[in-house]
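Only one structure is covered here, and it is reproduced in the block below.
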Amino acid sequence: MLAEFVHLTITGLLIASLLALGAVGLSLTFGVARFANVAHPDFMMLGAYGVFALNTLAGLPFGWAAVLGVLAATAIAVPVARLAYDKLPVSGTVQLLIISIGVSFALRHLVLFAFGSSLVQYAVPLQRPYIWGPVRLTVFQMLTLVVAAVLVISVHLLLTRTKLGRILRAMADNAVLCEITGADVNQARLAMWVIGVGLATVGGALYGLNLVIHPDMGWNLVIPIFSAAIIGGIGNPYGAMGGALVIGLVQEWSTLIIPSMYKEMIAFVAMAVCLMVRPRGLWGK
Amino acid sequence: MEEKVRMRIDRRRFLETGLTFGAVSALGLGYPLRAAAQEPVRLGVLTPLTGGGAVYGTAMSRAYVLVADEINKAGGILDRKIQLFTEDDQTNPDAGVRGARKLVDVNKVHAIMGTWSSAVTMAVAPVAITANIPLFCVSSSPAISTLQDNDLVYRTAYRQDVISAVYALAAQKLGAKTAAMMILNNPYGIGLRDSFPDRFAKVGGRIVGQATYNANQPSYRSEIQQALGSKPDIVLFGGYTPDGVQVFKEWFQLGLGGTWMGPGFAFDQKFIQAIGADVAEGTVVVEGATNEASSAYKNANKLYRAVHNEDADFFVSMAYDHLMAVALAILAGKGDTSGDAIKANLRKVTNPPGTTVGTWAEAEPLIRKGEKVNYEGASSAIDFDDAGDVTTNFGLYRVKKGKWALEQLMRYDELKPLL
């Protein structure tokens with residue numbers, strides 16, 4: 001029982017770390033830009049395909065491919081987000097939401113067109129795990145946990161300790177007031193996209209390392225990532241980390257008592273309970 | 001007024017046609033009459049060239065062409081050439097019905113061959129039944145056996161409901177005493193999960209672990225641990241290729257060991273390519289086995305190899321059998337291509353008694369002499385029962401260096417006690 005619990009906890013942490021990289025960026029962009037970006041998980045997909053293209057197709061060593069692939073995917077996705085969400089003469093939460101659904105479809109079909117619909121993998125051999133009692137982790141899985149933790153902490157430090165972070169938090173509170181005080185709102189918005197998209201593409205690259213890459217992977221992540229962001233209190237990046245942990249762990253722990261095919265439902269029961277107790281999310285204001 | 005104009009035109013047409021006919025017969029050409037006598041035998045091929053069944057459907061559609069060419073080179077069926085019309089069913093019932101309608105209404109085919117997905121076969125069957133032409137499929141749903149089909153729907157594949165007995169037999173042959181199940185939560189997976197344990201118990205086996213998972217989960221790690229935690233001798237996989245690749249990747253990374261067993265459509269070439277030959281090594285694949293000893297298989301393999309440089313698999317062999325069965329039935333009916341004639345003669349040429357034949361060259365002279373033949377097919381014995389089904393043998397394959405290698409043959413007789 002204990003061994004099983006430990007195993008499930010590790011699985012939950014692995015899933016949570018991948019979800020967190022998506023959910024933190026999603027929450028950040030929701031807080032600042034004030035709309036739910038459905039295409040956000042597709043930025044993760046772009047990250048995975050960026051690494052795949054450079055590693056498997058172009059034959060770069062994995063380390064270089066990972067860095068350059070993430071940068072390339074971010075360099076593609078940020079202008080797309082700027083153009084679709086910041087430059088179009090529309091405003092309003094619903095309009096931007098619909099545009100983001102369009103962006104999501106467009107990205108997925110571009111990838112389908114470029115790389116086809118088959119499952120793809122990086123050109124790295126699969127690893128056997130290190131085993132310590134009930135703990136089984138490959139080097140890549142440890143890397144995933146570390147990278148996710150480091151990035152999430154970095155975002156925390158950036159938001160709390162830097163001028164940019166202060167501006168972003170101010171924009172989330174009241175964008176007009178923030179602009180009146182003389183902050184460069186436009187530049188801050190660009191920075192927000194770079195951070196949010198960057199986290200997503202790194203998350204996607206790590207996802208591809210542990211799981212399988214296909215054009216629909218982003219779409220399949222929409223619900224878990226949004227749930228994580230909502231549980232944490234959408235608009236609050238720290239909350240998103242906590243939300244990802246709740247989703248990942250509750251889902252896995254639930255399989256101790258109920259059949260695993262219902263675990264996705266349990267995540268939503270957890271979400272409902274959280275929202276009943278704290279309607280603005282666990283860490284919401 | 002309009003009436004009159006049309007009548008005049010009709011009369012003029014009539015005269016023209018009559019004169020032409022007269023002139024032609026006067027010249028002694030008699031062309032239209034001879035053409036009617038040599039009208040081709042029109043057969044429809046309706047396989048998936050796109051969608052989930054594309055790999056199988058494409059190979060099958062190539063096989064039909066090869067067999068038709070062979071028969072045509074030998075002079076055709078009573079001097080009538082076989083003409084094939086091919087449509088893509090897209091592994092989609094709607095597209096399948098559109099394709100079938102086109103084959104029936106526009107091409108006026110005498111039979112349709114090749115539907116792969118059970119959903120497509122079920123959708124296309126009414127079109128064939130209404131047109132009173134036979135339909136030959138390779139689908140596996142048990143519902144196809146009980147269709148009110150006026151004896152027009154035939155299948156050369158195995159029925160899905162024998163498959164859990166096949167897995168039990170395979171497990172026994174591998175010496176497995178304990179098994180676990182890793183099952184996709186859909187009707188196919190649940191059907192397997194509910195039927196396998198009883199069959200496995202009949203061979204003295206015991207289920208020691210199981211997990212049911214949903215499609216498109218980000219991770220299957222905890223399910224794999226749940227199913228394999230008790231170290232079973234064999235793990236039955238009840239899913240498809242996409243989830244299979246992810247399950248295998250996470251299973252390998254967990255370092256749990258164990259042997260997987262699953263269907264050919266999940267552990268296919270795409271799967272092996274995606275997961276890597278070394279990870280797939282040793283995986284047990286259960287799939288319909290070709291009838292390798294038959295002259296039909298040897299011929300099908302020779303034809304397919306010569307053009308496509310690959311061995312004829314179970315599906316290519318079934319396509320060979322479809323066309324051979326139809327052609328022999330038409331020959332036995334002295335060239336009658338009506339649905340009634342084909343179905344009346346089909347079992348006469350495919351089922352015992354009679355001289356065993358497997359190729360057009362073997363069968364044609366005997367049938368012309370009026371002798372009874374028993375077509376022994378490339379995929380199975382092709383002895384259609386009352387439901388239009390056949391019984392097939394199965395192969396226990398293992399993935400070796402990225403390819404399936406036949407390890408043991410499982411004859412249908414061995415399965416019977418487990419059904």
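In the structure tokens, each chain is lettered A, B, ... as it comes, each chain's residues begin at 1, and ligands are numbered from 1 in order of appearance.
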
Proximal residues of chain B relative to chain A (only C-alpha atoms; 8 Å) as a count of residues only: 22

Residues within 7 Å of stretch 180-196 of chain A, only C-alpha atoms, excluding chain neighbours under 5 positions, as a ChimeraX atom specification: /A:25-26,28-29,78,164,167-168

Residue contacts of B:Phe265 (12 Å, only C-alpha atoms) excluding same-chain residues fewer than 3 positions away, as a VMD selection string: chain B and resid 52 to 56 116 to 117 237 to 242 244 262 268 to 272 285 to 288 314 to 315

Residue set, stretch 54-127 of chain B restricted to alpha helix (DSSP H), as a VMD selection string: chain B and resid 54 to 73 93 to 105 118 to 127

Residues as selected, N, CA and C atoms, written as a tab-separated table (two decimals), in the first residue's frame, can you do that?
```tsv
chain	number	residue	atom	x	y	z
B	54	ALA	N	-6.20	2.37	-43.85
B	54	ALA	CA	-5.52	2.65	-45.12
B	54	ALA	C	-4.42	1.64	-45.45
B	55	VAL	N	-3.65	1.25	-44.42
B	55	VAL	CA	-2.53	0.34	-44.67
B	55	VAL	C	-3.05	-0.97	-45.27
B	56	TYR	N	-4.12	-1.50	-44.66
B	56	TYR	CA	-4.67	-2.78	-45.11
B	56	TYR	C	-5.39	-2.62	-46.45
B	57	GLY	N	-6.20	-1.57	-46.54
B	57	GLY	CA	-7.02	-1.37	-47.74
B	57	GLY	C	-6.17	-1.15	-48.97
B	58	THR	N	-5.07	-0.44	-48.82
B	58	THR	CA	-4.21	-0.18	-49.97
B	58	THR	C	-3.60	-1.48	-50.48
B	59	ALA	N	-3.08	-2.29	-49.56
B	59	ALA	CA	-2.49	-3.58	-49.96
B	59	ALA	C	-3.56	-4.45	-50.63
B	60	MET	N	-4.77	-4.45	-50.06
B	60	MET	CA	-5.83	-5.28	-50.63
B	60	MET	C	-6.19	-4.83	-52.04
B	61	SER	N	-6.32	-3.50	-52.24
B	61	SER	CA	-6.74	-3.03	-53.56
B	61	SER	C	-5.69	-3.38	-54.60
B	62	ARG	N	-4.41	-3.43	-54.18
B	62	ARG	CA	-3.36	-3.87	-55.12
B	62	ARG	C	-3.53	-5.34	-55.47
B	63	ALA	N	-3.92	-6.12	-54.46
B	63	ALA	CA	-4.05	-7.56	-54.69
B	63	ALA	C	-5.16	-7.87	-55.69
B	64	TYR	N	-6.29	-7.16	-55.57
B	64	TYR	CA	-7.38	-7.41	-56.52
B	64	TYR	C	-6.91	-7.20	-57.95
B	65	VAL	N	-6.13	-6.12	-58.15
B	65	VAL	CA	-5.65	-5.82	-59.50
B	65	VAL	C	-4.77	-6.96	-60.01
B	66	LEU	N	-3.91	-7.49	-59.14
B	66	LEU	CA	-2.99	-8.55	-59.56
B	66	LEU	C	-3.76	-9.81	-59.97
B	67	VAL	N	-4.79	-10.18	-59.18
B	67	VAL	CA	-5.55	-11.39	-59.50
B	67	VAL	C	-6.35	-11.19	-60.78
B	68	ALA	N	-6.97	-10.01	-60.90
B	68	ALA	CA	-7.75	-9.74	-62.12
B	68	ALA	C	-6.86	-9.81	-63.35
B	69	ASP	N	-5.65	-9.24	-63.24
B	69	ASP	CA	-4.71	-9.29	-64.36
B	69	ASP	C	-4.37	-10.72	-64.73
B	70	GLU	N	-4.15	-11.53	-63.69
B	70	GLU	CA	-3.76	-12.92	-63.96
B	70	GLU	C	-4.88	-13.66	-64.70
B	71	ILE	N	-6.11	-13.47	-64.22
B	71	ILE	CA	-7.24	-14.15	-64.87
B	71	ILE	C	-7.43	-13.61	-66.29
B	72	ASN	N	-7.31	-12.30	-66.45
B	72	ASN	CA	-7.48	-11.71	-67.78
B	72	ASN	C	-6.41	-12.19	-68.76
B	73	LYS	N	-5.18	-12.34	-68.28
B	73	LYS	CA	-4.11	-12.82	-69.15
B	73	LYS	C	-4.37	-14.24	-69.61
B	93	PRO	N	-18.18	5.08	-42.69
B	93	PRO	CA	-19.42	4.52	-43.22
B	93	PRO	C	-20.09	5.40	-44.28
B	94	ASP	N	-20.09	6.73	-44.07
B	94	ASP	CA	-20.74	7.61	-45.05
B	94	ASP	C	-20.06	7.52	-46.41
B	95	ALA	N	-18.73	7.63	-46.37
B	95	ALA	CA	-17.97	7.55	-47.62
B	95	ALA	C	-18.13	6.16	-48.24
B	96	GLY	N	-18.22	5.13	-47.40
B	96	GLY	CA	-18.40	3.77	-47.88
B	96	GLY	C	-19.71	3.62	-48.65
B	97	VAL	N	-20.78	4.19	-48.09
B	97	VAL	CA	-22.09	4.10	-48.76
B	97	VAL	C	-22.06	4.87	-50.08
B	98	ARG	N	-21.44	6.06	-50.07
B	98	ARG	CA	-21.33	6.83	-51.32
B	98	ARG	C	-20.58	6.02	-52.38
B	99	GLY	N	-19.47	5.41	-51.97
B	99	GLY	CA	-18.67	4.61	-52.90
B	99	GLY	C	-19.47	3.43	-53.43
B	100	ALA	N	-20.19	2.74	-52.53
B	100	ALA	CA	-20.97	1.57	-52.93
B	100	ALA	C	-22.07	1.98	-53.91
B	101	ARG	N	-22.73	3.10	-53.62
B	101	ARG	CA	-23.81	3.58	-54.51
B	101	ARG	C	-23.25	3.85	-55.90
B	102	LYS	N	-22.08	4.47	-55.96
B	102	LYS	CA	-21.46	4.77	-57.25
B	102	LYS	C	-21.14	3.46	-57.99
B	103	LEU	N	-20.60	2.48	-57.26
B	103	LEU	CA	-20.25	1.21	-57.90
B	103	LEU	C	-21.50	0.53	-58.44
B	104	VAL	N	-22.60	0.60	-57.67
B	104	VAL	CA	-23.83	-0.09	-58.07
B	104	VAL	C	-24.55	0.68	-59.18
B	105	ASP	N	-24.74	1.99	-58.99
B	105	ASP	CA	-25.59	2.76	-59.90
B	105	ASP	C	-24.87	3.15	-61.18
B	118	SER	N	-15.81	-2.76	-39.63
B	118	SER	CA	-17.14	-3.34	-39.41
B	118	SER	C	-18.23	-2.31	-39.62
B	119	ALA	N	-17.99	-1.07	-39.19
B	119	ALA	CA	-18.99	-0.02	-39.34
B	119	ALA	C	-19.28	0.23	-40.81
B	120	VAL	N	-18.23	0.20	-41.63
B	120	VAL	CA	-18.42	0.42	-43.07
B	120	VAL	C	-19.20	-0.75	-43.67
B	121	THR	N	-18.82	-1.97	-43.31
B	121	THR	CA	-19.51	-3.14	-43.85
B	121	THR	C	-21.00	-3.10	-43.49
B	122	MET	N	-21.31	-2.76	-42.23
B	122	MET	CA	-22.70	-2.71	-41.81
B	122	MET	C	-23.48	-1.65	-42.58
B	123	ALA	N	-22.81	-0.54	-42.93
B	123	ALA	CA	-23.47	0.54	-43.66
B	123	ALA	C	-23.64	0.22	-45.13
B	124	VAL	N	-22.66	-0.49	-45.68
B	124	VAL	CA	-22.67	-0.77	-47.12
B	124	VAL	C	-23.58	-1.97	-47.43
B	125	ALA	N	-23.72	-2.88	-46.46
B	125	ALA	CA	-24.49	-4.11	-46.70
B	125	ALA	C	-25.89	-3.83	-47.29
B	126	PRO	N	-26.68	-2.89	-46.74
B	126	PRO	CA	-28.01	-2.65	-47.31
B	126	PRO	C	-27.97	-2.25	-48.78
B	127	VAL	N	-26.93	-1.51	-49.19
B	127	VAL	CA	-26.81	-1.12	-50.59
B	127	VAL	C	-26.66	-2.36	-51.46
```
